[in-house]
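One structure below.
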Amino acid sequence: MKYYTLIILIIIYISNVNSQSISIGEKIQIYSTHLNEEREILIHLPDSYLSIDFKDNQYPVLYVLDGERLFNQTVTIVDALSKGLYRYLPEMIVVGIINTDRSRDLTPSNDTILHNNIPIHSNSGGAESFRYFLESELGNYINLHYRTNGFNILSGHSFGGLFTIYSFLNQSNFFSTYLAHDPSLWWDNQSLIENMEDSWSKISFDTTSLYLSVAAKDTIEKDRFNHTESILKFQQFIDEHPKNSLYFKSEYFGNEDHGTITIPATFNGLRAIFSGITLPVKKIPFDTSLIEETYVQLSNRLGNNFLPESNLLDDLAKYCKKVKQYQAELEIRKMHVRYYPNSSYAHSALAEYYYRHNMKDLGDKHKEISTLQKQP
């Protein structure tokens with residue numbers, strides 16, 4: 001629990017810092033012709049994204065529903081886990097979608113519920129239209145305007161978790177990884193679960209990942225709709241109908257309620273999806289092939305071409321230099337150029353190595369390439 005406490009303290013700190021002093025992202029507006037409305041979107045870019053030295057990096061994208069509530073904490077978690085030599089995640093672009101009509105967008109069917117004898121959610125059932133906006137309009141915009149690598153993650157909580165499961169069961173080729181936190185699968189008499197069996201055998205889950213989190217049961221308010229039971233029923237169905245190509249992990253958080261689960265579940269969920277990415281840093285000065293092996297295995301498991309980030313390779317080479325393992329430093333500098341052949345910085349750093357080791361001809365060669373690549 002100490003990690004979660006630290007994250008909460010960081011989030012509180014960010015929330016109390018003057019917005020002119022620190023920025024974790026930007027807000028943009030996109031007009032959706034499909035939804036016929038303006039949408040506000042929050043975007044966070046990794047620090048390396050804006051560095052001229054690492055402009056060849058490409059990034060996965062994490063789309064976060066209920067962005068007005070969950071964007072800040074998600075950015076904090078992602079940044080905390082994707083920095084330094086020991087990385088538990090690749091660096092990511094985080095996209096938060098701010099709600100306009102939450103009941104309409106995040107529910108897959110229409111169902112009106114009485115709350116204190118007042119009908120609510122009467123405008124529900126627009127999940128398919130919202131999914132079109134998310135994948136075809138917003139997704140295309142993000143891919144056009146930012147350096148993405150084609151790996152997209154969808155994360156949602158409560159109604160957002162319901163929408164995430166709906167997208168998982170009706171998947172296109174846009175998302176391959178889903179995080180559903182304490183999803184409201186009770187919706188419309190559990191209609192999403194009741195209809196699963198008819199379509200389950202037809203769904204291909206090639207390199208698809210689903211992380212499901214469950215909060216402690218609330219016997220007063222939330223579970224009047226059999227909230228927890230519906231999630232466990234969904235989990236049981238998947239357990240009884242395994243798909244060999246589907247990575248599925250569920251986790252129960254007995255010390256968290258519906259409102260607090262998002263922080264530990266996002267932390268654990270992302271780490272579970274990207275398990276195996278953390279490099280054995282102390283061994284790398286003696287076996288640099290461990291870098292490539294790690295990322296090949298990750299790429300094969302997740303079905304996307306993941307490369308060690310340009311800035312990570314730079315830091316690893318500097319680490320090898322620090323411990324006086326110069327052959328390993330050279331191998332990583334060459335690896336950097338091989339992975340990022342158009343990187344002026346990679347060639348310049350390799351040239352510096354050659355000059356330092358009195359190999360002027362090779363240094364001149366890569367210095368020339370670096371200079372040419374700097375030209376507009």
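Residue numbers start at 1 in each chain; chains themselves are named A, B, ... in the order of the structure tokens; ligands are numbered from 1 in the order shown.
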For stretch 87-101 of chain A, please output as a PyMOL selection string all residues within 8 Å (counting only C-alpha atoms; exclusion window: fewer than 2 positions along the same chain). chain A and resi 39-46+59-68+70-71+74-75+78-79+81-85+103-105+270-271+274-275+277-279+309
Writer output for current selection, N, CA and C atoms, as a CSV table (one decimal), in the first residue's frame:
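Output file result.csv is given in full below:
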```csv
chain,number,residue,atom,x,y,z
A,39,ARG,N,-16.4,18.5,-28.2
A,39,ARG,CA,-15.9,17.7,-27.1
A,39,ARG,C,-14.5,18.2,-26.6
A,40,GLU,N,-14.4,18.3,-25.3
A,40,GLU,CA,-13.1,18.7,-24.7
A,40,GLU,C,-12.3,17.5,-24.4
A,41,ILE,N,-11.0,17.6,-24.8
A,41,ILE,CA,-10.1,16.5,-24.6
A,41,ILE,C,-8.8,16.9,-23.9
A,42,LEU,N,-8.4,16.1,-22.9
A,42,LEU,CA,-7.1,16.4,-22.2
A,42,LEU,C,-6.0,15.5,-22.7
A,43,ILE,N,-4.9,16.1,-23.0
A,43,ILE,CA,-3.7,15.4,-23.6
A,43,ILE,C,-2.5,15.6,-22.8
A,44,HIS,N,-1.9,14.5,-22.4
A,44,HIS,CA,-0.6,14.6,-21.7
A,44,HIS,C,0.5,13.9,-22.5
A,45,LEU,N,1.6,14.6,-22.7
A,45,LEU,CA,2.7,14.0,-23.5
A,45,LEU,C,3.9,13.8,-22.6
A,46,PRO,N,4.6,12.6,-22.8
A,46,PRO,CA,5.8,12.4,-21.9
A,46,PRO,C,6.8,13.5,-22.1
A,59,TYR,N,4.8,6.5,-29.5
A,59,TYR,CA,4.3,6.2,-28.2
A,59,TYR,C,2.9,5.5,-28.2
A,60,PRO,N,2.7,4.5,-27.3
A,60,PRO,CA,1.3,4.0,-27.2
A,60,PRO,C,0.4,5.1,-26.6
A,61,VAL,N,-0.9,4.9,-26.7
A,61,VAL,CA,-1.9,5.9,-26.3
A,61,VAL,C,-2.8,5.3,-25.3
A,62,LEU,N,-3.0,5.9,-24.1
A,62,LEU,CA,-3.9,5.4,-23.1
A,62,LEU,C,-5.1,6.4,-23.1
A,63,TYR,N,-6.3,5.9,-23.5
A,63,TYR,CA,-7.5,6.7,-23.5
A,63,TYR,C,-8.2,6.5,-22.2
A,64,VAL,N,-8.5,7.6,-21.5
A,64,VAL,CA,-9.1,7.5,-20.1
A,64,VAL,C,-10.5,8.1,-20.2
A,65,LEU,N,-11.5,7.3,-19.9
A,65,LEU,CA,-12.9,7.9,-19.8
A,65,LEU,C,-13.1,8.6,-18.5
A,66,ASP,N,-14.1,9.5,-18.4
A,66,ASP,CA,-14.3,10.3,-17.2
A,66,ASP,C,-13.0,11.2,-17.0
A,67,GLY,N,-12.5,11.8,-18.1
A,67,GLY,CA,-11.3,12.5,-18.0
A,67,GLY,C,-11.2,13.6,-17.0
A,68,GLU,N,-12.4,14.3,-16.7
A,68,GLU,CA,-12.4,15.4,-15.8
A,68,GLU,C,-12.1,14.9,-14.4
A,70,LEU,N,-10.5,11.5,-13.8
A,70,LEU,CA,-9.4,10.4,-13.7
A,70,LEU,C,-8.1,10.8,-14.5
A,71,PHE,N,-8.1,11.9,-15.2
A,71,PHE,CA,-7.0,12.2,-16.0
A,71,PHE,C,-5.7,12.4,-15.2
A,74,THR,N,-4.2,9.4,-13.5
A,74,THR,CA,-3.7,8.4,-14.4
A,74,THR,C,-2.3,8.9,-15.0
A,75,VAL,N,-2.3,10.2,-15.3
A,75,VAL,CA,-1.0,10.8,-15.7
A,75,VAL,C,0.1,10.6,-14.7
A,78,VAL,N,1.2,6.9,-14.7
A,78,VAL,CA,1.9,6.5,-15.9
A,78,VAL,C,3.4,7.1,-15.8
A,79,ASP,N,3.5,8.4,-15.4
A,79,ASP,CA,4.8,9.0,-15.4
A,79,ASP,C,5.7,8.3,-14.3
A,81,LEU,N,5.7,5.3,-13.4
A,81,LEU,CA,6.1,3.9,-13.7
A,81,LEU,C,6.9,3.9,-15.0
A,82,SER,N,7.1,5.0,-15.7
A,82,SER,CA,7.7,4.9,-17.0
A,82,SER,C,9.0,5.8,-17.1
A,83,LYS,N,9.6,6.1,-16.0
A,83,LYS,CA,10.8,6.9,-15.9
A,83,LYS,C,12.0,6.1,-15.4
A,84,GLY,N,13.2,6.6,-15.8
A,84,GLY,CA,14.4,6.0,-15.2
A,84,GLY,C,14.8,4.7,-16.0
A,85,LEU,N,15.8,4.1,-15.5
A,85,LEU,CA,16.3,2.8,-16.1
A,85,LEU,C,15.4,1.7,-15.9
A,103,SER,N,-24.4,9.4,-19.1
A,103,SER,CA,-25.4,8.3,-19.2
A,103,SER,C,-25.6,7.9,-20.7
A,104,ARG,N,-25.7,8.9,-21.6
A,104,ARG,CA,-25.9,8.6,-23.0
A,104,ARG,C,-24.7,7.9,-23.6
A,105,ASP,N,-23.5,8.4,-23.3
A,105,ASP,CA,-22.3,7.9,-24.0
A,105,ASP,C,-21.8,6.5,-23.5
A,270,LEU,N,-1.9,-1.6,-15.2
A,270,LEU,CA,-0.9,-1.2,-16.2
A,270,LEU,C,0.3,-2.1,-16.0
A,271,ARG,N,0.7,-2.3,-14.8
A,271,ARG,CA,1.9,-3.2,-14.5
A,271,ARG,C,1.7,-4.6,-15.0
A,274,PHE,N,1.9,-4.8,-18.9
A,274,PHE,CA,3.3,-4.6,-19.4
A,274,PHE,C,4.3,-5.4,-18.6
A,275,SER,N,3.8,-6.5,-17.9
A,275,SER,CA,4.8,-7.3,-17.2
A,275,SER,C,5.9,-7.9,-18.1
A,277,ILE,N,8.5,-6.0,-19.0
A,277,ILE,CA,9.2,-4.9,-19.7
A,277,ILE,C,10.4,-4.4,-18.9
A,278,THR,N,10.4,-4.6,-17.6
A,278,THR,CA,11.5,-4.0,-16.8
A,278,THR,C,12.8,-4.7,-17.1
A,279,LEU,N,13.8,-4.0,-17.4
A,279,LEU,CA,15.1,-4.5,-17.8
A,279,LEU,C,15.9,-4.9,-16.6
A,309,GLU,N,12.8,3.0,-25.8
A,309,GLU,CA,12.7,4.4,-26.2
A,309,GLU,C,14.2,4.9,-26.4
```
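Residues in contact range of A:Asp206, defined as at most 9 Å between only C-alpha atoms, with sequence neighbours fewer than 6 positions away removed, read Ser176, Asn244, Ser245, Leu246 and Gly303 of chain A.
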Write a file of the just-selected residues containing N, CA and C atoms, as a PDB file, in the first residue's frame.
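The file below, selection.pdb, is the result:
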```pdb
ATOM      1  N   SER A 176      -6.574  -2.760 -28.279  1.00  0.00           N
ATOM      2  CA  SER A 176      -6.201  -4.158 -28.048  1.00  0.00           C
ATOM      3  C   SER A 176      -6.071  -4.456 -26.559  1.00  0.00           C
ATOM      4  N   ASN A 244      -7.482 -18.957 -25.587  1.00  0.00           N
ATOM      5  CA  ASN A 244      -6.039 -19.074 -25.407  1.00  0.00           C
ATOM      6  C   ASN A 244      -5.285 -17.814 -25.804  1.00  0.00           C
ATOM      7  N   SER A 245      -5.839 -17.049 -26.736  1.00  0.00           N
ATOM      8  CA  SER A 245      -5.137 -15.852 -27.202  1.00  0.00           C
ATOM      9  C   SER A 245      -5.471 -14.618 -26.372  1.00  0.00           C
ATOM     10  N   LEU A 246      -6.358 -14.755 -25.378  1.00  0.00           N
ATOM     11  CA  LEU A 246      -6.755 -13.631 -24.541  1.00  0.00           C
ATOM     12  C   LEU A 246      -5.948 -13.632 -23.246  1.00  0.00           C
ATOM     13  N   GLY A 303       1.418  -8.001 -29.433  1.00  0.00           N
ATOM     14  CA  GLY A 303       1.044  -7.847 -30.835  1.00  0.00           C
ATOM     15  C   GLY A 303       1.335  -6.490 -31.408  1.00  0.00           C
TER      16      GLY A 303
END
```
Hey, which of A:Gln236, A:Gln190, A:Asn110, A:Ser343 ends up closest to A:His366? Count only C-alpha atoms. A:Ser343
Between atom CA of A:Ser109 and atom CA of A:Leu185, what is the distance in Å, rounded to a tenth? 11.7 Å
